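First comes the structure, then the notes that go with it.
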Amino acid sequence: MLLQIPEKDRNAQDWLLLGNLYDEKGEKDNAIFMYQKALFADKKYYKAYYNLGNAYFREHNIGKAILNYERALKLDPLDEDAKANLEYANSLIKDEVVEEPELFFVTWWHAFVSVMGIDAWAVTAVVFFVLALVGAGLYFVNRNRVVRRVGITASVLFLFFVIVANLAAVSMYSRVNDEGKAIVLKEEVSLMNAPGASKVLIKVHEGRKVAITDDSVDKWIEVELEDGTVGWVKSDDIERI
């Protein structure tokens with residue numbers, strides 16, 4: 001049925017389902033191609049990133065598997081399957097990576113923000129703002145002291161919710177559009193002390209996550225590791241999440 005739909009009329013979900021069909025038949029290359037077509041149709045289709053990550057993982061391409069699991073989690077941080085698969089894929093990296101634990105309130109905020117998407121948070125902020133106006137209206141129009149007290153209290157409370165919802169929307173937008181992290185895609189990459197230099201600071205391996213600190217030099221990118229080590233790698237050796 002899906003194959004009968006003209007290519008120009010297929011949406012991201014159609015390409016995803018085609019990829020799944022090829023994947024079930026063991027045609028991994030075709031599955032990967034279909035998942036990529038799904039992402040071409042909708043670059044924020046997190047299910048396609050997740051399935052693409054699985055397909056690369058079964059092809060033993062750990063770097064691209066981790067890259068796509070990370071991209072899926074940027075769009076849906078609560079996806080437990082993507083989290084579990086990413087954790088397992090990270091355990092296969094040759095480097096011993098020790099990440100600093102995240103502060104509990106930062107973890108809580110990320111989990112809270114991830115409950116809804118950017119658009120949903122924006123709509124929520126508008127709804128709370130309208131309710132705040134209604135509360136203010138009760139305070140200024142009604143002469144009943146109890147009603148006025150309820151109105152001003154509700155108005156202040158809803159204004160607080162407006163601020164929280166706006167902060168959540170901004171936080172989600174920043175996370176989804178953050179291009180400051182990348183994944184090493186080559187089996188082994190040398191971290192140099194300067195662009196084109198001969199001094200190797202450290203070797204990093206496929207699947208390692210790095211933070212991009214400077215991309216202004218042609219064909220070279222400055223990156224920072226979790227332990228604070230800063231060096232330069234060739235731009236072709238990594239790919240932004």
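By convention here, the chains of the structure tokens are called A, B, ... in the order presented, each chain's residues are numbered starting at 1, and ligands are numbered starting at 1 in the order presented.
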Can you check which parts of segment 30-67 of chain A lie within 10 Å of segment 200-217 of chain A? Per residue, the shortest pair of atoms and distance in Å to one decimal, counting only C-alpha atoms, sorted by chain and number, as a Markdown table.
```
| residue | atom | partner | partner_atom | distance |
| --- | --- | --- | --- | --- |
| A:Asn61 | CA | A:Glu206 | CA | 8.8 |
| A:Ile62 | CA | A:Gly207 | CA | 6.0 |
| A:Gly63 | CA | A:Gly207 | CA | 4.1 |
| A:Lys64 | CA | A:Gly207 | CA | 7.5 |
| A:Ala65 | CA | A:Gly207 | CA | 8.2 |
| A:Ile66 | CA | A:Gly207 | CA | 6.1 |
| A:Leu67 | CA | A:Gly207 | CA | 7.5 |
```
Next on the checklist: Which residues are near segment 106-122 of chain A? Cut-off 6 Å, only C-alpha atoms, ignore same chain within fewer than 5 positions. Put them as JSON, numbers by chain.
Outcome noted: {"A": [165, 168, 169, 172]}
Residues of the last selection are to be written out with C-alpha atoms, as an mmCIF file, in the first residue's frame.
```cif
data_model
loop_
_atom_site.group_PDB
_atom_site.id
_atom_site.type_symbol
_atom_site.label_atom_id
_atom_site.label_comp_id
_atom_site.auth_asym_id
_atom_site.auth_seq_id
_atom_site.Cartn_x
_atom_site.Cartn_y
_atom_site.Cartn_z
ATOM 1 C CA ALA A 165 5.630 28.636 30.950
ATOM 2 C CA ALA A 168 10.024 26.499 29.804
ATOM 3 C CA ALA A 169 9.326 27.387 26.165
ATOM 4 C CA MET A 172 12.950 23.834 25.174
#
```
Item to check | Picked from segment 41-202 of chain A by DSSP as strand (DSSP E), as a VMD selection string | outcome: chain A and resid 181 to 184 188 to 192 200 to 202
Checklist entry - Can you list, as a PyMOL selection string, every residue of chain A that DSSP puts in helix (DSSP H, G or I)? => result chain A and resi 2-4+7-9+12-24+28-41+46-58+62-75+80-91+104-113+118-141+145-176+235-237
Next on the checklist: For a test of reading the model, state the distance in Å between atom CA of Glu27 of chain A and atom CA of Leu39 of chain A, rounded to one decimal.
Outcome noted: 18.8 Å
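Using only C-alpha atoms, the nearest neighbour of Val176 of chain A within the list A:Glu96, A:Glu226, A:Asp42, A:Glu70 is A:Glu70.
Straight-line separation from atom CA of Gly180 of chain A to atom CA of Ala194 of chain A: 19.5 Å.
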Checklist outcome for this item: From atom CA of Val184 of chain A to atom CA of Ala12 of chain A the spacing works out at 27.3 Å
Next on the checklist: Quick one: residues within 12 Å of Glu24 of chain A, only C-alpha atoms, excluding same-chain residues fewer than 6 positions away - as an MDAnalysis selection string?
Outcome noted: chainID A and resid 17:18 30:31 51 55
Using N, CA, C and O atoms, can you export the residues from the last selection as a PDB file, in the first residue's frame?
```
ATOM      1  N   LEU A  17       7.607   4.150   8.007  1.00  0.00           N
ATOM      2  CA  LEU A  17       7.015   2.821   7.907  1.00  0.00           C
ATOM      3  C   LEU A  17       7.701   1.987   6.831  1.00  0.00           C
ATOM      4  O   LEU A  17       7.907   0.771   7.003  1.00  0.00           O
ATOM      5  N   LEU A  18       8.080   2.631   5.744  1.00  0.00           N
ATOM      6  CA  LEU A  18       8.833   1.920   4.704  1.00  0.00           C
ATOM      7  C   LEU A  18      10.191   1.461   5.240  1.00  0.00           C
ATOM      8  O   LEU A  18      10.631   0.336   4.975  1.00  0.00           O
ATOM      9  N   ASN A  30      18.679  -0.076   2.837  1.00  0.00           N
ATOM     10  CA  ASN A  30      17.422   0.522   2.381  1.00  0.00           C
ATOM     11  C   ASN A  30      16.652   1.138   3.548  1.00  0.00           C
ATOM     12  O   ASN A  30      16.032   2.198   3.407  1.00  0.00           O
ATOM     13  N   ALA A  31      16.704   0.471   4.711  1.00  0.00           N
ATOM     14  CA  ALA A  31      16.023   0.999   5.898  1.00  0.00           C
ATOM     15  C   ALA A  31      16.625   2.347   6.288  1.00  0.00           C
ATOM     16  O   ALA A  31      15.900   3.308   6.556  1.00  0.00           O
ATOM     17  N   ASN A  51      14.860   5.298  15.201  1.00  0.00           N
ATOM     18  CA  ASN A  51      14.965   4.113  14.349  1.00  0.00           C
ATOM     19  C   ASN A  51      16.258   4.112  13.535  1.00  0.00           C
ATOM     20  O   ASN A  51      16.857   3.062  13.306  1.00  0.00           O
ATOM     21  N   ALA A  55      19.175   1.296  13.491  1.00  0.00           N
ATOM     22  CA  ALA A  55      19.682   0.701  12.249  1.00  0.00           C
ATOM     23  C   ALA A  55      21.206   0.802  12.185  1.00  0.00           C
ATOM     24  O   ALA A  55      21.888  -0.164  11.823  1.00  0.00           O
TER      25      ALA A  55
END
```
Who sits within 9 Å of segment 134-143 of chain A, only C-alpha atoms, same chain under 6 positions skipped, as a PDB file with N, CA and C atoms, in the first residue's frame:
```
ATOM      1  N   ARG A 149     -10.353  39.883  46.583  1.00  0.00           N
ATOM      2  CA  ARG A 149      -9.159  39.224  47.118  1.00  0.00           C
ATOM      3  C   ARG A 149      -8.826  37.973  46.311  1.00  0.00           C
ATOM      4  N   VAL A 150      -9.854  37.205  45.973  1.00  0.00           N
ATOM      5  CA  VAL A 150      -9.650  36.003  45.158  1.00  0.00           C
ATOM      6  C   VAL A 150      -9.119  36.384  43.778  1.00  0.00           C
ATOM      7  N   GLY A 151      -9.671  37.458  43.211  1.00  0.00           N
ATOM      8  CA  GLY A 151      -9.275  37.896  41.877  1.00  0.00           C
ATOM      9  C   GLY A 151      -7.811  38.313  41.812  1.00  0.00           C
ATOM     10  N   ILE A 152      -7.367  39.128  42.771  1.00  0.00           N
ATOM     11  CA  ILE A 152      -5.973  39.599  42.730  1.00  0.00           C
ATOM     12  C   ILE A 152      -5.001  38.475  43.049  1.00  0.00           C
ATOM     13  N   THR A 153      -5.411  37.560  43.948  1.00  0.00           N
ATOM     14  CA  THR A 153      -4.550  36.411  44.274  1.00  0.00           C
ATOM     15  C   THR A 153      -4.391  35.512  43.050  1.00  0.00           C
ATOM     16  N   ALA A 154      -5.525  35.241  42.389  1.00  0.00           N
ATOM     17  CA  ALA A 154      -5.479  34.401  41.192  1.00  0.00           C
ATOM     18  C   ALA A 154      -4.662  35.066  40.095  1.00  0.00           C
ATOM     19  N   SER A 155      -4.804  36.379  39.953  1.00  0.00           N
ATOM     20  CA  SER A 155      -4.075  37.102  38.914  1.00  0.00           C
ATOM     21  C   SER A 155      -2.565  36.994  39.114  1.00  0.00           C
ATOM     22  N   VAL A 156      -2.114  37.189  40.355  1.00  0.00           N
ATOM     23  CA  VAL A 156      -0.679  37.085  40.657  1.00  0.00           C
ATOM     24  C   VAL A 156      -0.181  35.664  40.423  1.00  0.00           C
ATOM     25  N   PHE A 158      -1.464  33.352  38.412  1.00  0.00           N
ATOM     26  CA  PHE A 158      -1.433  33.046  36.979  1.00  0.00           C
ATOM     27  C   PHE A 158      -0.292  33.768  36.267  1.00  0.00           C
TER      28      PHE A 158
END
```
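Close contacts of Arg240 of chain A, defined as residues with an atom at most 8 Å away when counting only C-alpha atoms, with chain neighbours fewer than 6 positions off set aside, comprise Glu179, Gly180, Lys181, Ala182 and Ile183 of chain A.
Closest to Gln13 of chain A among A:Gln36, A:Asn90, A:Thr124, A:Asn177 is A:Gln36, based on only C-alpha atoms.
When only C-alpha atoms are used to measure the gap to Pro77 of chain A, the shortest distance among A:Lys234, A:Arg175, A:Lys199, A:Arg10 belongs to A:Arg175.
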